[in-house]
Amino acid sequence: MKQNKTQLTPEEHRLFGDLMPEELEEVIQSGFNRRHFVKLMGLASAGLLASYALGAEQLFARAVETDEIPDLIPNAIENGVNVTFKVNSSSKSILIDSRMTLLDTLRERIGLTGSKKGCDHGQCGACTVIVDGHRVLSCLTLAATCQGKSVITIEGLAKENELNPMQAAFLKHDGFQCGFCTPGQICSAVALMKEAKEGQASFATTHISADAKPILLSDEEIAERMSGNICRCGAYPNIVAAIKEAQTGKNVPQNWLFTD
């Protein structure tokens, strides 16, 4: 039991009080954990959060409380190495197998399950995280290579109760359906903003000069730069619109495609 009680916003308090009253006291006393998150997702799937949109967004933006994962017995690891790196602004020192990927370390040892294991071959992009400002495929990255580095996952993008602009844009433009690829899509898109700001060219860049200048991303640029992130639901037009709005800060009209 944590000593400091969780301070819920009025919107969050109303949501729990109305829809999950049996969980309210536990959340206040112990924090928002994975079980609460799963229940909240169930309510979202049932369409019961429409009247509680602000409270739900604030809860989704909260870092899910996770207990410290106990260290493994050193003798149980054949090729054990101690790795220390920063994950979402928190320093982590952990004993792992030297062959363990960053994805498995995040999910199985640290408890951050937002990054998804899709193909596990570096082809789908669902596991994308940001390492020292650059997007990487965590399923192909050895955790041992992240010694001393900074890792940002989908859980670390929101600041307290404020969503990252890219997360807010994805919500506005419905840039996801089943949501499995969404953590990787959003992390990739956030890193893409940095690449464009630094003037890093892509295959679709038409004007390349000796002096790197910020690039205003076109639909073609975004499609090319995000090509490593696959959405099997086909939400690509909405993802492109979300990224354009996040970069420009201007309202991008929502285009809904209907079949005859």
# chains A, B, ... in the order shown; residues from 1 in each chain; ligands from 1
>>> residues_around(residues="segment 238-249 of chain A", least_positions_apart="6", cutoff="7 Å", atoms="only C-alpha atoms", output="PyMOL selection string")
chain A and resi 165-166+169-170+173-175+189+193+217+219+222
>>> select_by_dssp(residues="segment 24-119 of chain A", states="strand (DSSP E)", output="list in words")
Gly80, Val81, Asn82, Val83, Thr84, Phe85, Lys86, Val87, Ser90, Ser91, Lys92, Ser93, Ile94, Leu95, Ile96 and Asp97 of chain A
>>> write_last_selection(atoms="N, CA, C and O atoms", output="CSV table (one decimal), in the first residue's frame")
chain,number,residue,atom,x,y,z
A,80,GLY,N,24.2,-13.5,-17.7
A,80,GLY,CA,23.6,-12.3,-17.1
A,80,GLY,C,24.5,-11.1,-17.2
A,80,GLY,O,25.7,-11.2,-17.1
A,81,VAL,N,23.9,-10.0,-17.4
A,81,VAL,CA,24.6,-8.7,-17.4
A,81,VAL,C,23.7,-7.7,-16.7
A,81,VAL,O,22.5,-7.7,-16.7
A,82,ASN,N,24.3,-6.8,-16.0
A,82,ASN,CA,23.6,-5.7,-15.3
A,82,ASN,C,23.5,-4.5,-16.3
A,82,ASN,O,24.5,-4.0,-16.8
A,83,VAL,N,22.3,-4.0,-16.5
A,83,VAL,CA,22.1,-2.9,-17.4
A,83,VAL,C,21.4,-1.8,-16.7
A,83,VAL,O,20.4,-2.0,-16.0
A,84,THR,N,21.9,-0.6,-16.8
A,84,THR,CA,21.3,0.6,-16.2
A,84,THR,C,21.0,1.6,-17.3
A,84,THR,O,21.9,2.0,-18.1
A,85,PHE,N,19.8,2.0,-17.4
A,85,PHE,CA,19.4,3.0,-18.4
A,85,PHE,C,18.1,3.7,-17.9
A,85,PHE,O,17.5,3.3,-16.9
A,86,LYS,N,17.8,4.7,-18.6
A,86,LYS,CA,16.6,5.5,-18.2
A,86,LYS,C,15.4,5.1,-19.0
A,86,LYS,O,15.5,5.1,-20.2
A,87,VAL,N,14.3,4.9,-18.4
A,87,VAL,CA,13.1,4.5,-19.1
A,87,VAL,C,12.0,5.5,-18.6
A,87,VAL,O,11.6,5.5,-17.5
A,90,SER,N,12.7,7.6,-15.6
A,90,SER,CA,13.1,6.8,-14.4
A,90,SER,C,14.3,5.9,-14.6
A,90,SER,O,14.3,5.2,-15.6
A,91,SER,N,15.2,6.0,-13.7
A,91,SER,CA,16.4,5.2,-13.9
A,91,SER,C,16.1,3.7,-13.5
A,91,SER,O,15.5,3.5,-12.5
A,92,LYS,N,16.5,2.8,-14.4
A,92,LYS,CA,16.3,1.4,-14.1
A,92,LYS,C,17.6,0.6,-14.1
A,92,LYS,O,18.4,0.8,-15.1
A,93,SER,N,17.9,-0.2,-13.1
A,93,SER,CA,19.1,-1.0,-13.1
A,93,SER,C,18.6,-2.4,-13.0
A,93,SER,O,17.9,-2.8,-12.0
A,94,ILE,N,18.9,-3.3,-13.9
A,94,ILE,CA,18.2,-4.6,-14.0
A,94,ILE,C,19.2,-5.7,-14.5
A,94,ILE,O,20.1,-5.4,-15.3
A,95,LEU,N,19.1,-6.9,-13.9
A,95,LEU,CA,19.9,-8.0,-14.3
A,95,LEU,C,19.1,-8.7,-15.4
A,95,LEU,O,18.0,-9.2,-15.2
A,96,ILE,N,19.7,-8.9,-16.6
A,96,ILE,CA,19.1,-9.6,-17.7
A,96,ILE,C,20.0,-10.5,-18.4
A,96,ILE,O,21.2,-10.5,-18.2
A,97,ASP,N,19.5,-11.4,-19.2
A,97,ASP,CA,20.3,-12.2,-20.1
A,97,ASP,C,20.9,-11.3,-21.2
A,97,ASP,O,20.1,-10.5,-21.7
>>> select_by_dssp(residues="segment 89-208 of chain A", states="helix (DSSP H, G or I)", output="ChimeraX atom specification")
/A:102-110,143-146,154-156,165-172,182-197
>>> closest_residue(among="A:Pro253, A:Leu142, A:Leu43, A:Ser202", to="Leu15 of chain A", atoms="only C-alpha atoms")
A:Leu43
>>> residues_around(residues="segment 156-162 of chain A", least_positions_apart="4", cutoff="10 Å", atoms="only C-alpha atoms", output="mmCIF file with N, CA, C and O atoms, in the first residue's frame")
data_model
loop_
_atom_site.group_PDB
_atom_site.id
_atom_site.type_symbol
_atom_site.label_atom_id
_atom_site.label_comp_id
_atom_site.auth_asym_id
_atom_site.auth_seq_id
_atom_site.Cartn_x
_atom_site.Cartn_y
_atom_site.Cartn_z
ATOM 1 N N THR A 9 -8.555 13.873 -10.482
ATOM 2 C CA THR A 9 -9.211 15.095 -10.923
ATOM 3 C C THR A 9 -10.712 14.925 -10.735
ATOM 4 O O THR A 9 -11.209 13.790 -10.604
ATOM 5 N N GLY A 55 -12.454 12.677 -18.405
ATOM 6 C CA GLY A 55 -11.924 11.840 -17.335
ATOM 7 C C GLY A 55 -11.208 10.620 -17.874
ATOM 8 O O GLY A 55 -10.161 10.222 -17.361
ATOM 9 N N GLU A 57 -9.715 10.352 -20.859
ATOM 10 C CA GLU A 57 -8.452 10.776 -21.469
ATOM 11 C C GLU A 57 -7.394 11.014 -20.390
ATOM 12 O O GLU A 57 -6.231 10.656 -20.547
ATOM 13 N N GLN A 58 -7.805 11.614 -19.279
ATOM 14 C CA GLN A 58 -6.861 11.872 -18.194
ATOM 15 C C GLN A 58 -6.339 10.562 -17.605
ATOM 16 O O GLN A 58 -5.151 10.439 -17.304
ATOM 17 N N LEU A 59 -7.244 9.580 -17.460
ATOM 18 C CA LEU A 59 -6.819 8.291 -16.910
ATOM 19 C C LEU A 59 -5.887 7.555 -17.869
ATOM 20 O O LEU A 59 -4.892 6.968 -17.461
ATOM 21 N N PHE A 60 -6.217 7.593 -19.173
ATOM 22 C CA PHE A 60 -5.351 6.937 -20.148
ATOM 23 C C PHE A 60 -3.979 7.595 -20.192
ATOM 24 O O PHE A 60 -2.987 6.961 -20.532
ATOM 25 N N ALA A 61 -3.937 8.890 -19.863
ATOM 26 C CA ALA A 61 -2.655 9.598 -19.895
ATOM 27 C C ALA A 61 -1.819 9.330 -18.655
ATOM 28 O O ALA A 61 -0.614 9.567 -18.651
ATOM 29 N N ARG A 62 -2.451 8.827 -17.603
ATOM 30 C CA ARG A 62 -1.712 8.543 -16.374
ATOM 31 C C ARG A 62 -0.752 7.380 -16.573
ATOM 32 O O ARG A 62 -1.026 6.448 -17.304
ATOM 33 N N ALA A 63 0.369 7.462 -15.912
ATOM 34 C CA ALA A 63 1.276 6.319 -15.908
ATOM 35 C C ALA A 63 0.664 5.235 -15.032
ATOM 36 O O ALA A 63 0.283 5.483 -13.889
ATOM 37 N N VAL A 87 14.304 4.861 -18.362
ATOM 38 C CA VAL A 87 13.066 4.514 -19.053
ATOM 39 C C VAL A 87 11.988 5.493 -18.630
ATOM 40 O O VAL A 87 11.602 5.529 -17.458
ATOM 41 N N ASN A 88 11.532 6.306 -19.582
ATOM 42 C CA ASN A 88 10.485 7.299 -19.284
ATOM 43 C C ASN A 88 10.861 8.154 -18.075
ATOM 44 O O ASN A 88 10.075 8.326 -17.143
ATOM 45 N N SER A 89 12.104 8.637 -18.059
ATOM 46 C CA SER A 89 12.632 9.542 -17.044
ATOM 47 C C SER A 89 12.932 8.874 -15.715
ATOM 48 O O SER A 89 13.330 9.544 -14.766
ATOM 49 N N SER A 90 12.739 7.561 -15.610
ATOM 50 C CA SER A 90 13.065 6.841 -14.380
ATOM 51 C C SER A 90 14.266 5.934 -14.623
ATOM 52 O O SER A 90 14.289 5.185 -15.601
ATOM 53 N N LEU A 112 6.343 -2.715 -18.560
ATOM 54 C CA LEU A 112 5.746 -1.749 -19.475
ATOM 55 C C LEU A 112 5.274 -2.504 -20.712
ATOM 56 O O LEU A 112 6.054 -2.800 -21.614
ATOM 57 N N GLY A 114 3.000 -1.580 -22.934
ATOM 58 C CA GLY A 114 2.436 -0.777 -24.025
ATOM 59 C C GLY A 114 3.051 -1.118 -25.367
ATOM 60 O O GLY A 114 2.352 -1.204 -26.375
ATOM 61 N N VAL A 151 15.348 5.686 -22.862
ATOM 62 C CA VAL A 151 14.313 4.990 -23.633
ATOM 63 C C VAL A 151 12.955 5.607 -23.302
ATOM 64 O O VAL A 151 12.615 5.770 -22.128
ATOM 65 N N ILE A 152 12.211 5.940 -24.328
ATOM 66 C CA ILE A 152 10.856 6.460 -24.141
ATOM 67 C C ILE A 152 9.882 5.502 -24.809
ATOM 68 O O ILE A 152 10.019 5.187 -25.993
ATOM 69 N N MET A 166 0.727 14.364 -30.208
ATOM 70 C CA MET A 166 0.515 13.304 -31.188
ATOM 71 C C MET A 166 -0.567 12.346 -30.712
ATOM 72 O O MET A 166 -1.399 11.878 -31.512
ATOM 73 N N GLN A 167 -0.599 12.034 -29.422
ATOM 74 C CA GLN A 167 -1.656 11.177 -28.892
ATOM 75 C C GLN A 167 -3.020 11.838 -29.070
ATOM 76 O O GLN A 167 -3.989 11.183 -29.467
ATOM 77 N N ALA A 168 -3.085 13.133 -28.775
ATOM 78 C CA ALA A 168 -4.348 13.862 -28.917
ATOM 79 C C ALA A 168 -4.805 13.882 -30.373
ATOM 80 O O ALA A 168 -5.995 13.743 -30.669
ATOM 81 N N ILE A 186 2.479 5.720 -32.788
ATOM 82 C CA ILE A 186 2.618 7.023 -32.134
ATOM 83 C C ILE A 186 4.075 7.315 -31.797
ATOM 84 O O ILE A 186 4.567 8.426 -32.023
ATOM 85 N N CYS A 187 4.802 6.322 -31.267
ATOM 86 C CA CYS A 187 6.221 6.543 -30.962
ATOM 87 C C CYS A 187 7.003 6.859 -32.231
ATOM 88 O O CYS A 187 7.866 7.749 -32.244
ATOM 89 N N VAL A 190 6.169 10.451 -33.287
ATOM 90 C CA VAL A 190 6.810 11.460 -32.430
ATOM 91 C C VAL A 190 8.271 11.639 -32.836
ATOM 92 O O VAL A 190 8.769 12.765 -32.958
#
>>> closest_residue(among="A:Thr205, A:Asn229, A:Thr153, A:Ser218", to="Val129 of chain A", atoms="only C-alpha atoms")
A:Thr153
>>> atom_distance(atom1="atom CA of Val136 of chain A", atom2="atom CA of Val38 of chain A")
27.2 Å
>>> closest_residue(among="A:Tyr52, A:Phe180, A:Tyr236, A:Phe203", to="Leu19 of chain A", atoms="only C-alpha atoms")
A:Tyr52
>>> residues_around(residues="Cys124 of chain A", least_positions_apart="4", cutoff="12 Å", atoms="only C-alpha atoms", output="list in words")
Lys116, Lys117, Gly118, Cys119, Asp120, Thr128, Leu137, Ser138, Cys139, Leu140, Phe180, Cys181, Thr182, Pro183, Gly184, Gln185, Ser188, Met226, Ser227, Gly228, Asn229, Ile230, Cys231 and Arg232 of chain A
